[in-house]
$ cat protein17.tsv   # TSV, C-alpha atoms
chain	number	residue	atom	x	y	z
A	160	MET	CA	132.68	79.72	39.91
A	161	THR	CA	135.83	77.61	39.76
A	162	GLN	CA	135.61	74.28	41.56
A	163	ARG	CA	138.32	72.33	43.33
A	164	PHE	CA	138.65	68.65	44.13
A	165	HIS	CA	136.74	67.69	47.26
A	166	ASP	CA	137.47	64.53	49.25
A	167	PRO	CA	134.20	63.39	50.88
A	168	ASN	CA	136.19	61.44	53.47
A	169	ILE	CA	137.53	64.66	54.96
A	170	GLN	CA	135.11	66.11	57.47
A	171	ALA	CA	134.45	69.84	57.51
A	172	THR	CA	135.94	70.13	60.98
A	173	ASP	CA	139.14	68.49	59.73
A	174	ARG	CA	139.28	70.83	56.75
A	175	VAL	CA	139.01	74.06	58.63
A	176	GLY	CA	140.06	73.02	62.13
A	177	GLU	CA	140.51	75.79	64.63
A	178	LEU	CA	140.81	79.34	63.39
A	179	SER	CA	144.18	80.05	61.80
A	180	ARG	CA	145.10	76.37	61.66
A	181	PRO	CA	148.83	76.18	60.73
A	182	ARG	CA	149.56	75.16	57.15
A	183	PHE	CA	152.30	72.59	57.80
A	184	ARG	CA	153.87	70.49	55.05
A	185	GLY	CA	152.26	67.07	54.77
A	186	GLY	CA	152.42	64.27	52.19
A	187	VAL	CA	152.95	65.70	48.71
A	188	HIS	CA	151.53	69.08	49.71
A	189	ASP	CA	153.90	71.94	50.52
A	190	PRO	CA	152.27	75.21	51.70
A	191	ALA	CA	155.23	77.12	50.25
A	192	SER	CA	153.93	76.36	46.75
A	193	GLN	CA	150.45	77.76	47.35
A	194	ARG	CA	149.23	80.44	44.93
A	195	ASP	CA	146.03	82.36	44.42
A	196	SER	CA	144.46	84.82	42.02
A	197	CYS	CA	141.85	87.15	43.45
A	198	GLY	CA	139.63	90.12	42.63
A	199	VAL	CA	140.28	93.51	44.24
A	200	ALA	CA	138.49	96.86	43.92
A	201	ALA	CA	138.43	100.21	45.70
A	202	VAL	CA	135.91	103.05	45.89
A	203	ALA	CA	136.59	106.47	47.40
A	204	ARG	CA	134.98	109.91	47.45
A	205	LEU	CA	137.24	112.66	46.16
A	206	ASP	CA	135.44	115.23	48.32
A	207	ASN	CA	136.39	113.28	51.47
A	208	ALA	CA	132.76	112.95	52.57
A	209	ALA	CA	131.59	109.80	54.33
A	210	ARG	CA	128.51	108.35	52.64
A	211	HIS	CA	126.66	105.04	52.66
A	212	GLU	CA	126.80	105.24	48.88
A	213	VAL	CA	130.51	104.38	49.12
A	214	VAL	CA	129.67	101.17	50.99
A	215	SER	CA	126.96	100.32	48.45
A	216	ARG	CA	129.23	100.94	45.48
A	217	GLY	CA	131.93	98.84	47.10
A	218	LEU	CA	129.49	95.96	47.45
A	219	ILE	CA	128.41	96.37	43.81
A	220	ALA	CA	132.05	96.21	42.76
A	221	LEU	CA	132.50	93.10	44.89
A	222	ASP	CA	129.49	91.41	43.28
A	223	ARG	CA	131.02	92.06	39.87
A	224	LEU	CA	134.21	90.35	41.02
A	225	GLU	CA	132.43	87.09	41.76
A	226	HIS	CA	134.13	85.50	38.75
A	227	ARG	CA	137.50	86.21	40.38
A	228	GLY	CA	136.55	84.19	43.45
A	229	ALA	CA	136.11	80.45	43.77
A	230	SER	CA	134.14	77.77	45.55
A	231	GLY	CA	134.67	74.08	46.19
A	232	ALA	CA	132.43	71.09	45.56
A	233	ASP	CA	129.96	72.93	47.77
A	234	GLU	CA	129.26	75.71	45.28
A	235	THR	CA	127.46	77.74	47.93
A	236	THR	CA	130.63	78.19	50.01
A	237	GLY	CA	133.12	80.72	48.73
A	238	ASP	CA	136.85	80.90	49.28
A	239	GLY	CA	136.35	84.28	50.88
A	240	ALA	CA	134.98	87.79	50.42
A	241	GLY	CA	135.20	90.96	52.45
A	242	ILE	CA	135.18	94.73	52.70
A	243	LEU	CA	137.44	97.19	54.52
A	244	LEU	CA	135.80	100.46	55.59
A	245	GLU	CA	136.49	103.55	57.60
A	246	LEU	CA	135.28	103.10	61.19
A	247	CYS	CA	131.94	104.92	61.31
A	248	HIS	CA	131.58	106.46	64.76
A	249	ASP	CA	127.98	107.55	64.14
A	250	PHE	CA	127.00	103.98	63.25
A	251	PHE	CA	128.11	102.73	66.65
A	252	ARG	CA	126.38	105.62	68.38
A	253	PHE	CA	123.21	104.60	66.54
A	254	ARG	CA	123.73	100.96	67.52
A	255	ALA	CA	124.77	101.68	71.11
A	256	PRO	CA	121.49	100.38	72.61
A	257	GLU	CA	122.28	96.94	71.14
A	258	ALA	CA	125.33	96.89	73.40
A	259	GLY	CA	123.34	98.12	76.38
A	260	LEU	CA	124.71	101.65	76.13
A	261	ARG	CA	123.44	105.17	75.73
A	262	ALA	CA	124.88	106.88	72.67
A	263	ALA	CA	126.24	109.62	74.91
A	264	ALA	CA	128.30	107.02	76.78
A	265	LEU	CA	130.56	106.43	73.78
A	266	PRO	CA	133.79	108.42	73.44
A	267	GLY	CA	134.15	110.81	70.55
A	268	PRO	CA	135.56	110.16	67.07
A	269	GLY	CA	139.19	109.10	67.22
A	270	GLU	CA	138.75	108.01	70.82
A	271	LEU	CA	136.69	104.89	70.06
A	272	ALA	CA	138.16	101.69	68.64
A	273	VAL	CA	136.42	98.49	67.61
A	274	ALA	CA	138.08	95.09	67.84
A	275	VAL	CA	136.43	92.64	65.44
A	276	CYS	CA	136.86	89.17	66.92
A	277	PHE	CA	136.49	85.71	65.41
A	278	PHE	CA	135.99	83.53	68.49
A	279	PRO	CA	135.01	79.85	68.93
A	280	ARG	CA	131.32	79.10	68.57
A	281	GLU	CA	131.32	77.25	71.89
A	282	ARG	CA	129.88	79.87	74.22
A	283	ALA	CA	131.86	78.86	77.30
A	284	ARG	CA	135.19	79.05	75.47
A	285	SER	CA	134.19	82.26	73.74
A	286	ARG	CA	133.30	83.80	77.08
A	287	GLU	CA	136.72	82.87	78.47
A	288	LEU	CA	138.39	84.71	75.63
A	289	GLU	CA	136.07	87.71	76.01
A	290	VAL	CA	136.95	88.06	79.69
A	291	ARG	CA	140.66	87.68	79.02
A	292	LEU	CA	140.63	90.19	76.15
A	293	GLU	CA	138.93	92.73	78.40
A	294	GLN	CA	141.72	92.15	80.94
A	295	LEU	CA	144.43	92.64	78.32
A	296	VAL	CA	142.75	95.81	77.09
A	297	SER	CA	142.55	97.17	80.64
A	298	GLU	CA	146.13	96.17	81.46
A	299	ASP	CA	147.31	98.26	78.51
A	300	GLY	CA	145.42	101.28	79.81
A	301	HIS	CA	142.48	101.21	77.40
A	302	LYS	CA	138.84	101.16	78.46
A	303	PRO	CA	136.78	98.11	77.47
A	304	ILE	CA	133.31	99.58	77.01
A	305	SER	CA	130.97	96.87	75.80
A	306	TRP	CA	130.59	93.83	73.58
A	307	ARG	CA	128.39	93.75	70.50
A	308	GLU	CA	127.45	90.46	68.86
A	309	VAL	CA	127.55	91.20	65.15
A	310	PRO	CA	124.17	90.46	63.52
A	311	VAL	CA	124.54	87.76	60.88
A	312	GLU	CA	122.21	85.86	58.57
A	313	GLU	CA	123.81	82.43	58.73
A	314	ALA	CA	121.45	81.06	56.07
A	315	ALA	CA	123.17	83.35	53.55
A	316	ALA	CA	126.43	81.40	53.87
A	317	GLY	CA	127.09	78.06	52.22
A	318	LYS	CA	126.97	74.75	54.07
A	319	LEU	CA	130.71	74.49	54.72
A	320	GLY	CA	130.91	78.19	55.45
A	321	ARG	CA	128.28	77.82	58.16
A	322	GLU	CA	130.01	74.79	59.66
A	323	ALA	CA	133.32	76.63	59.84
A	324	ALA	CA	131.90	79.99	60.93
A	325	PRO	CA	133.23	81.54	64.14
A	326	ARG	CA	131.28	83.56	66.64
A	327	ILE	CA	131.69	87.14	65.46
A	328	LEU	CA	131.91	89.84	68.10
A	329	GLN	CA	132.93	93.48	68.30
A	330	LEU	CA	134.56	94.89	71.43
A	331	LEU	CA	134.15	98.65	71.78
A	332	ILE	CA	137.27	100.19	73.32
A	333	GLY	CA	137.84	103.68	74.68
A	334	ARG	CA	141.15	105.49	74.37
A	335	ALA	CA	143.29	105.66	77.49
A	336	ASP	CA	143.50	109.08	79.15
A	337	ALA	CA	147.29	108.99	78.89
A	338	VAL	CA	147.23	108.49	75.11
A	339	SER	CA	147.92	111.79	73.39
A	340	ASP	CA	146.55	111.26	69.88
A	341	GLN	CA	145.00	108.76	67.48
A	342	ASP	CA	148.35	107.64	66.06
A	343	GLU	CA	149.50	106.62	69.52
A	344	PHE	CA	146.13	104.96	70.12
A	345	GLU	CA	146.64	102.84	67.01
A	346	ARG	CA	150.10	101.79	68.14
A	347	ARG	CA	148.86	100.84	71.59
A	348	LEU	CA	145.99	98.86	70.07
A	349	PHE	CA	148.51	96.96	67.95
A	350	LEU	CA	150.49	95.99	71.05
A	351	THR	CA	147.31	94.84	72.80
A	352	ARG	CA	146.22	92.81	69.78
A	353	ARG	CA	149.60	91.11	69.49
A	354	ARG	CA	149.48	90.12	73.14
A	355	ALA	CA	146.04	88.60	72.59
A	356	GLU	CA	147.13	86.82	69.40
A	357	ILE	CA	150.10	85.24	71.13
A	358	GLU	CA	148.10	84.17	74.17
A	359	PHE	CA	145.00	82.92	72.30
A	360	GLY	CA	146.96	81.18	69.55
A	361	TYR	CA	144.84	79.54	66.88
A	362	ALA	CA	141.65	79.76	68.94
A	363	ALA	CA	140.90	83.31	67.76
A	364	SER	CA	141.71	85.92	65.16
A	365	PHE	CA	141.10	89.65	64.81
A	366	PRO	CA	140.11	90.86	61.32
A	367	SER	CA	140.51	94.44	62.53
A	368	PHE	CA	141.46	96.11	65.82
A	369	SER	CA	141.46	99.82	65.15
A	370	SER	CA	140.07	103.29	65.76
A	371	ARG	CA	140.30	104.03	62.03
A	372	THR	CA	139.14	101.01	60.05
A	373	ILE	CA	136.84	98.03	60.32
A	374	VAL	CA	136.68	94.78	58.33
A	375	TYR	CA	133.70	92.58	57.48
A	376	LYS	CA	134.76	89.32	55.85
A	377	GLY	CA	134.23	85.59	55.81
A	378	MET	CA	134.28	82.28	53.99
A	379	LEU	CA	131.64	83.57	51.59
A	380	THR	CA	131.05	84.23	47.93
A	381	ALA	CA	131.06	87.87	46.83
A	382	PRO	CA	127.24	88.24	46.66
A	383	GLN	CA	126.81	86.55	50.05
A	384	LEU	CA	128.76	89.18	52.00
A	385	SER	CA	126.05	91.85	52.20
A	386	GLU	CA	123.40	89.20	52.86
A	387	PHE	CA	125.43	87.65	55.68
A	388	TYR	CA	126.22	90.99	57.38
A	389	PRO	CA	123.08	93.18	57.68
A	390	ASP	CA	125.33	95.99	58.99
A	391	LEU	CA	126.54	96.54	55.43
A	392	THR	CA	123.09	97.52	54.15
A	393	ASP	CA	122.35	99.80	57.11
A	394	LEU	CA	122.11	103.38	55.84
A	395	GLU	CA	123.79	104.60	59.03
A	396	LEU	CA	127.02	102.85	58.02
A	397	ARG	CA	129.03	105.45	56.12
A	398	SER	CA	132.60	105.60	54.89
A	399	ARG	CA	134.87	107.74	52.73
A	400	PHE	CA	136.37	104.65	51.12
A	401	ALA	CA	135.73	100.96	50.59
A	402	ILE	CA	138.21	98.24	49.62
A	403	VAL	CA	136.76	94.87	48.60
A	404	HIS	CA	138.26	91.47	47.88
A	405	SER	CA	136.99	88.25	46.29
A	406	ARG	CA	139.31	85.33	47.06
A	407	PHE	CA	140.50	82.58	44.74
A	408	SER	CA	142.34	79.99	46.81
A	409	THR	CA	143.97	77.51	44.45
A	410	ASN	CA	145.87	75.26	46.86
A	411	THR	CA	145.12	76.75	50.26
A	412	LEU	CA	142.10	75.56	52.16
A	413	PRO	CA	139.63	78.43	52.48
A	414	SER	CA	139.08	79.74	55.97
A	415	TRP	CA	137.36	82.65	57.66
A	416	GLU	CA	140.51	84.29	58.95
A	417	LEU	CA	142.38	84.11	55.61
A	418	ALA	CA	139.57	85.90	53.77
A	419	GLN	CA	140.46	89.44	52.77
A	420	PRO	CA	140.76	92.42	53.03
A	421	LEU	CA	143.35	92.15	55.77
A	422	ARG	CA	143.96	94.93	58.26
A	423	MET	CA	146.07	97.01	55.83
A	424	ILE	CA	145.69	95.59	52.33
A	425	ALA	CA	143.65	93.57	49.87
A	426	HIS	CA	146.02	91.66	47.63
A	427	ASN	CA	146.21	89.07	44.89
A	428	GLY	CA	149.03	87.11	46.52
A	429	GLU	CA	151.57	85.53	44.16
A	430	ILE	CA	154.49	87.01	46.11
A	431	ASN	CA	157.30	84.88	44.72
A	432	THR	CA	159.80	86.01	47.33
A	433	ALA	CA	157.48	85.49	50.32
A	434	LEU	CA	159.47	82.66	51.93
A	435	GLY	CA	162.69	84.66	51.83
A	436	ASN	CA	160.90	87.82	52.99
A	437	VAL	CA	159.41	86.05	56.00
A	438	ASN	CA	162.73	84.41	56.88
A	439	TRP	CA	164.49	87.78	56.73
A	440	MET	CA	161.79	89.36	58.89
A	441	ARG	CA	162.31	86.67	61.51
A	442	ALA	CA	166.09	86.91	61.26
A	443	ARG	CA	166.06	90.65	61.96
A	444	GLU	CA	163.60	90.47	64.87
A	445	ALA	CA	166.53	90.47	67.31
A	446	THR	CA	167.42	93.97	66.14
A	447	LEU	CA	163.90	95.38	65.77
A	448	SER	CA	162.90	98.11	68.19
A	449	SER	CA	161.13	101.43	68.18
A	450	PRO	CA	160.50	104.00	70.90
A	451	LEU	CA	156.99	104.24	69.46
A	452	LEU	CA	156.33	100.52	70.14
A	453	PRO	CA	157.57	99.76	73.66
A	454	GLY	CA	157.73	96.06	74.48
A	455	LEU	CA	157.83	95.03	70.82
A	456	GLU	CA	160.56	92.49	71.55
A	457	GLY	CA	158.10	90.45	73.61
A	458	LEU	CA	155.63	90.12	70.73
A	459	PHE	CA	157.69	88.05	68.28
A	460	PRO	CA	157.23	86.36	65.88
A	461	LEU	CA	155.49	89.21	64.13
A	462	ILE	CA	154.53	86.94	61.23
A	463	PRO	CA	152.93	83.69	62.47
A	464	GLU	CA	153.51	80.41	60.71
A	465	ALA	CA	149.87	80.23	59.59
A	466	ALA	CA	150.07	83.48	57.62
A	467	SER	CA	149.52	83.42	53.85
A	468	ASP	CA	151.88	85.44	51.65
A	469	SER	CA	149.40	88.33	51.59
A	470	ALA	CA	148.92	88.14	55.37
A	471	ALA	CA	152.69	88.15	55.89
A	472	PHE	CA	152.99	91.23	53.67
A	473	ASP	CA	150.16	92.89	55.58
A	474	ARG	CA	151.88	92.38	58.93
A	475	ALA	CA	155.23	93.66	57.67
A	476	LEU	CA	153.57	96.74	56.19
A	477	GLU	CA	151.64	97.34	59.40
A	478	LEU	CA	154.87	97.34	61.41
A	479	LEU	CA	156.57	99.86	59.13
A	480	VAL	CA	153.60	102.24	59.31
A	481	LEU	CA	153.17	101.96	63.07
A	482	ALA	CA	156.89	102.62	63.55
A	483	GLY	CA	156.32	106.11	62.19
A	484	ARG	CA	156.49	105.94	58.40
A	485	THR	CA	153.72	107.00	56.07
A	486	LEU	CA	151.86	104.37	54.07
A	487	PRO	CA	153.40	105.49	50.71
A	488	HIS	CA	156.88	105.49	52.28
A	489	SER	CA	156.37	101.97	53.62
A	490	MET	CA	154.99	100.66	50.33
A	491	MET	CA	157.96	102.09	48.43
A	492	MET	CA	160.26	100.25	50.81
A	493	MET	CA	158.48	96.93	50.35
A	494	ILE	CA	157.74	97.16	46.62
A	495	PRO	CA	160.44	99.41	45.12
A	496	GLN	CA	160.41	100.07	41.42
A	497	ALA	CA	163.36	98.80	39.41
A	498	HIS	CA	165.97	101.49	40.01
A	499	GLU	CA	169.39	100.02	39.28
A	500	HIS	CA	171.18	100.96	36.05
A	501	ARG	CA	168.61	103.68	35.29
A	502	ASP	CA	169.50	107.24	34.44
A	503	ASP	CA	165.94	108.58	34.27
A	504	LEU	CA	165.21	108.62	38.01
A	505	PRO	CA	165.61	111.80	40.06
A	506	PRO	CA	168.73	111.52	42.27
A	507	GLU	CA	166.70	111.83	45.46
A	508	LEU	CA	164.44	108.92	44.43
A	509	GLU	CA	167.42	106.77	43.47
A	510	GLY	CA	168.98	107.61	46.83
A	511	PHE	CA	165.76	106.69	48.63
A	512	TYR	CA	165.70	103.24	47.06
A	513	ARG	CA	169.40	102.59	47.63
A	514	TYR	CA	169.20	103.67	51.26
A	515	HIS	CA	166.20	101.50	52.07
A	516	SER	CA	167.55	98.48	50.19
A	517	ARG	CA	170.00	98.10	53.06
A	518	MET	CA	167.23	97.61	55.58
A	519	GLN	CA	164.38	95.98	53.61
A	520	GLU	CA	164.51	93.53	50.71
A	521	PRO	CA	161.78	93.76	48.04
A	522	TRP	CA	158.59	91.71	48.27
A	523	ASP	CA	158.47	90.70	44.64
A	524	GLY	CA	155.98	88.92	42.42
A	525	PRO	CA	153.89	89.23	39.27
A	526	ALA	CA	150.95	90.67	41.20
$ encode --input "protein17.tsv" --output "structure tokens"
Amino acid sequence: MTQRFHDPNIQATDRVGELSRPRFRGGVHDPASQRDSCGVAAVARLDNAARHEVVSRGLIALDRLEHRGASGADETTGDGAGILLELCHDFFRFRAPEAGLRAAALPGPGELAVAVCFFPRERARSRELEVRLEQLVSEDGHKPISWREVPVEEAAAGKLGREAAPRILQLLIGRADAVSDQDEFERRLFLTRRRAEIEFGYAASFPSFSSRTIVYKGMLTAPQLSEFYPDLTDLELRSRFAIVHSRFSTNTLPSWELAQPLRMIAHNGEINTALGNVNWMRAREATLSSPLLPGLEGLFPLIPEAASDSAAFDRALELLVLAGRTLPHSMMMMIPQAHEHRDDLPPELEGFYRYHSRMQEPWDGPA
């Protein structure tokens, strides 16, 4: 594992601060110059069948990416590791008694969402946020069903990882009766999450908030992830795909919320144009609107100041997809292939890139 300089005079609480602590310029350090180099892998079944084997193989791939991650002077604390999975409805039916529910009380597949929440460890403050999140969910027409405290083995994390660890909860959410389909449910969940993010500020973060996917991640080394989260070794947890990430944070301070995968991607970073991309996103917010995302104008800025380059990319991609584009369409807008002065591209593809270049600049980098 690669080590970084550690100043013993800096306390752990100063290093990690509250969740999503802003990365402001200070002294000789400029967050704009931060770079990383991470390990990413994906596993999927070609027959589209959800199996626990996919989760297991994803974790094996993650273990083999340990060399792509890093730790500090405390070698037992990693820069970050995580896994993105399909939301397994049957798993939550099986675990319903933990949340004080009968399995039959849960809505059906596509009608159940799970908000993964990183809340303060202080129980009183956490409870305040729980109550308020339930209110926000209800105000947006969803049905807050129950809370589940995610089982964790804290001893599996390193010393600094344990000190910085949030309280990890899952809020089970039922789809509003007025919501017509799962796509609309996802869009409404996004609006609810953004309201919570703006109101809670740096006191909380939401690794995932979806009826389709779920994220398990933390300030861990790659092998620690499955030990820390017993859910991941539960045979009832099945998925058709798994995306894993082992983080190498060269200049950024590792934190729980900056671990990956993010809600949409797992990425190496190194986006050279990130500052310009983020500035352009903020500049065009005054003109952003979509009939599919009512009230979007009240949820700016869409990319918070604390976001890493990968997190900024993730949020921009999320917006394009939720506004009605497919994932491949959105990715081709954000990372277009070199198309100018080429005569080997089909005319329709050249036209696609030229058309979208007028509304979205490339997110460019060696990664």
$ residues_around --input "protein17.tsv" --residues "Leu476 of chain A" --least-positions-apart "6" --cutoff "9 Å" --atoms "all atoms listed in the file" --output "short mmCIF file (atom, residue, chain, number, x, y, z; two decimals) with C-alpha atoms, in the coordinates of the input"
data_model
loop_
_atom_site.label_atom_id
_atom_site.label_comp_id
_atom_site.auth_asym_id
_atom_site.auth_seq_id
_atom_site.Cartn_x
_atom_site.Cartn_y
_atom_site.Cartn_z
CA MET A 423 146.07 97.01 55.83
CA ILE A 424 145.69 95.59 52.33
CA LEU A 486 151.86 104.37 54.07
CA SER A 489 156.37 101.97 53.62
CA MET A 490 154.99 100.66 50.33
CA MET A 493 158.48 96.93 50.35
#
$ atom_distance --input "protein17.tsv" --atom1 "atom CA of Leu224 of chain A" --atom2 "atom CA of Ala418 of chain A"
14.5 Å
$ residues_around --input "protein17.tsv" --residues "Arg352 of chain A" --least-positions-apart "5" --cutoff "9 Å" --atoms "only C-alpha atoms" --output "PyMOL selection string"
chain A and resi 274+292+295-296+347+357+365+368
$ closest_atom_pairs --input "protein17.tsv" --of "segment 304-382 of chain A" --to "segment 275-291 of chain A" --cutoff "6 Å" --atoms "all atoms listed in the file" --output "JSON lines"
{"residue": "A:Pro325", "atom": "CA", "partner": "A:Pro279", "partner_atom": "CA", "distance": 5.4}
{"residue": "A:Arg326", "atom": "CA", "partner": "A:Arg280", "partner_atom": "CA", "distance": 4.9}
{"residue": "A:Ile327", "atom": "CA", "partner": "A:Phe277", "partner_atom": "CA", "distance": 5.0}
{"residue": "A:Leu328", "atom": "CA", "partner": "A:Cys276", "partner_atom": "CA", "distance": 5.1}
{"residue": "A:Gln329", "atom": "CA", "partner": "A:Val275", "partner_atom": "CA", "distance": 4.6}
{"residue": "A:Ala363", "atom": "CA", "partner": "A:Phe278", "partner_atom": "CA", "distance": 5.0}
{"residue": "A:Ser364", "atom": "CA", "partner": "A:Phe277", "partner_atom": "CA", "distance": 5.2}
{"residue": "A:Phe365", "atom": "CA", "partner": "A:Cys276", "partner_atom": "CA", "distance": 4.8}
{"residue": "A:Pro366", "atom": "CA", "partner": "A:Val275", "partner_atom": "CA", "distance": 5.8}
{"residue": "A:Ser367", "atom": "CA", "partner": "A:Val275", "partner_atom": "CA", "distance": 5.3}
$ write_last_selection --input "protein17.tsv" --atoms "C-alpha atoms" --output "mmCIF file, in the frame of the given file"
data_model
loop_
_atom_site.group_PDB
_atom_site.id
_atom_site.type_symbol
_atom_site.label_atom_id
_atom_site.label_comp_id
_atom_site.auth_asym_id
_atom_site.auth_seq_id
_atom_site.Cartn_x
_atom_site.Cartn_y
_atom_site.Cartn_z
ATOM 1 C CA PRO A 325 133.230 81.540 64.140
ATOM 2 C CA ARG A 326 131.280 83.560 66.640
ATOM 3 C CA ILE A 327 131.690 87.140 65.460
ATOM 4 C CA LEU A 328 131.910 89.840 68.100
ATOM 5 C CA GLN A 329 132.930 93.480 68.300
ATOM 6 C CA ALA A 363 140.900 83.310 67.760
ATOM 7 C CA SER A 364 141.710 85.920 65.160
ATOM 8 C CA PHE A 365 141.100 89.650 64.810
ATOM 9 C CA PRO A 366 140.110 90.860 61.320
ATOM 10 C CA SER A 367 140.510 94.440 62.530
#
$ residues_around --input "protein17.tsv" --residues "Ala220 of chain A" --least-positions-apart "4" --cutoff "8 Å" --atoms "only C-alpha atoms" --output "ChimeraX atom specification"
/A:200,216,224,403
$ write_last_selection --input "protein17.tsv" --atoms "C-alpha atoms" --output "CSV table (one decimal), in the coordinates of the input"
chain,number,residue,atom,x,y,z
A,200,ALA,CA,138.5,96.9,43.9
A,216,ARG,CA,129.2,100.9,45.5
A,224,LEU,CA,134.2,90.4,41.0
A,403,VAL,CA,136.8,94.9,48.6
$ closest_residue --input "protein17.tsv" --among "A:Ser370, A:Ser385, A:Asn207, A:Ser469" --to "Ser408 of chain A" --atoms "all atoms listed in the file"
A:Ser469
$ residues_around --input "protein17.tsv" --residues "Leu461 of chain A" --least-positions-apart "6" --cutoff "12 Å" --atoms "only C-alpha atoms" --output "list of chain:residue names"
A:Phe349, A:Leu350, A:Arg352, A:Arg353, A:Arg354, A:Glu356, A:Ile357, A:Val437, A:Asn438, A:Trp439, A:Met440, A:Arg441, A:Ala442, A:Arg443, A:Glu444, A:Ala445, A:Leu447, A:Leu455, A:Ala470, A:Ala471, A:Phe472, A:Asp473, A:Arg474, A:Ala475, A:Leu476, A:Glu477, A:Leu478, A:Leu479
$ atom_distance --input "protein17.tsv" --atom1 "atom CA of Ala482 of chain A" --atom2 "atom CA of Glu429 of chain A"
26.4 Å
$ atom_distance --input "protein17.tsv" --atom1 "atom CA of Val273 of chain A" --atom2 "atom CA of Ile373 of chain A"
7.3 Å
$ axis_aligned_box --input "protein17.tsv" --around "segment 433-436 of chain A" --padding-each-side "6 Å" --output "JSON"
{"center_x": 160.1, "center_y": 85.2, "center_z": 51.7, "size_x": 17.2, "size_y": 17.2, "size_z": 14.7}
$ residues_around --input "protein17.tsv" --residues "segment 300-314 of chain A" --least-positions-apart "3" --cutoff "7 Å" --atoms "all atoms listed in the file" --output "ChimeraX atom specification"
/A:257-258,293,296-297,321,327-335,386-389
$ closest_residue --input "protein17.tsv" --among "A:Asp502, A:Ser215, A:Leu481, A:Glu507" --to "Glu345 of chain A" --atoms "all atoms listed in the file"
A:Leu481
$ closest_residue --input "protein17.tsv" --among "A:Pro256, A:Pro450, A:Gly267, A:Gly317" --to "Gly377 of chain A" --atoms "all atoms listed in the file"
A:Gly317
$ closest_residue --input "protein17.tsv" --among "A:Leu396, A:Leu508, A:Val480, A:Met491" --to "Asp342 of chain A" --atoms "all atoms listed in the file"
A:Val480
$ closest_residue --input "protein17.tsv" --among "A:Thr351, A:Trp415, A:Asp390, A:Val338" --to "Gln294 of chain A" --atoms "all atoms listed in the file"
A:Thr351
$ closest_residue --input "protein17.tsv" --among "A:Arg204, A:His226, A:His488, A:Arg210" --to "Ser405 of chain A" --atoms "only C-alpha atoms"
A:His226
$ residues_near_point --input "protein17.tsv" --point "(124.8, 88.8, 46.3)" --cutoff "12 Å" --atoms "all atoms listed in the file" --output "list in words"
Ser215, Leu218, Ile219, Ala220, Leu221, Asp222, Arg223, Leu224, Glu225, Thr235, Gly237, Ala240, Ala315, Ala316, Leu379, Thr380, Ala381, Pro382, Gln383, Leu384, Ser385, Glu386, Phe387, Tyr388 and Thr392 of chain A
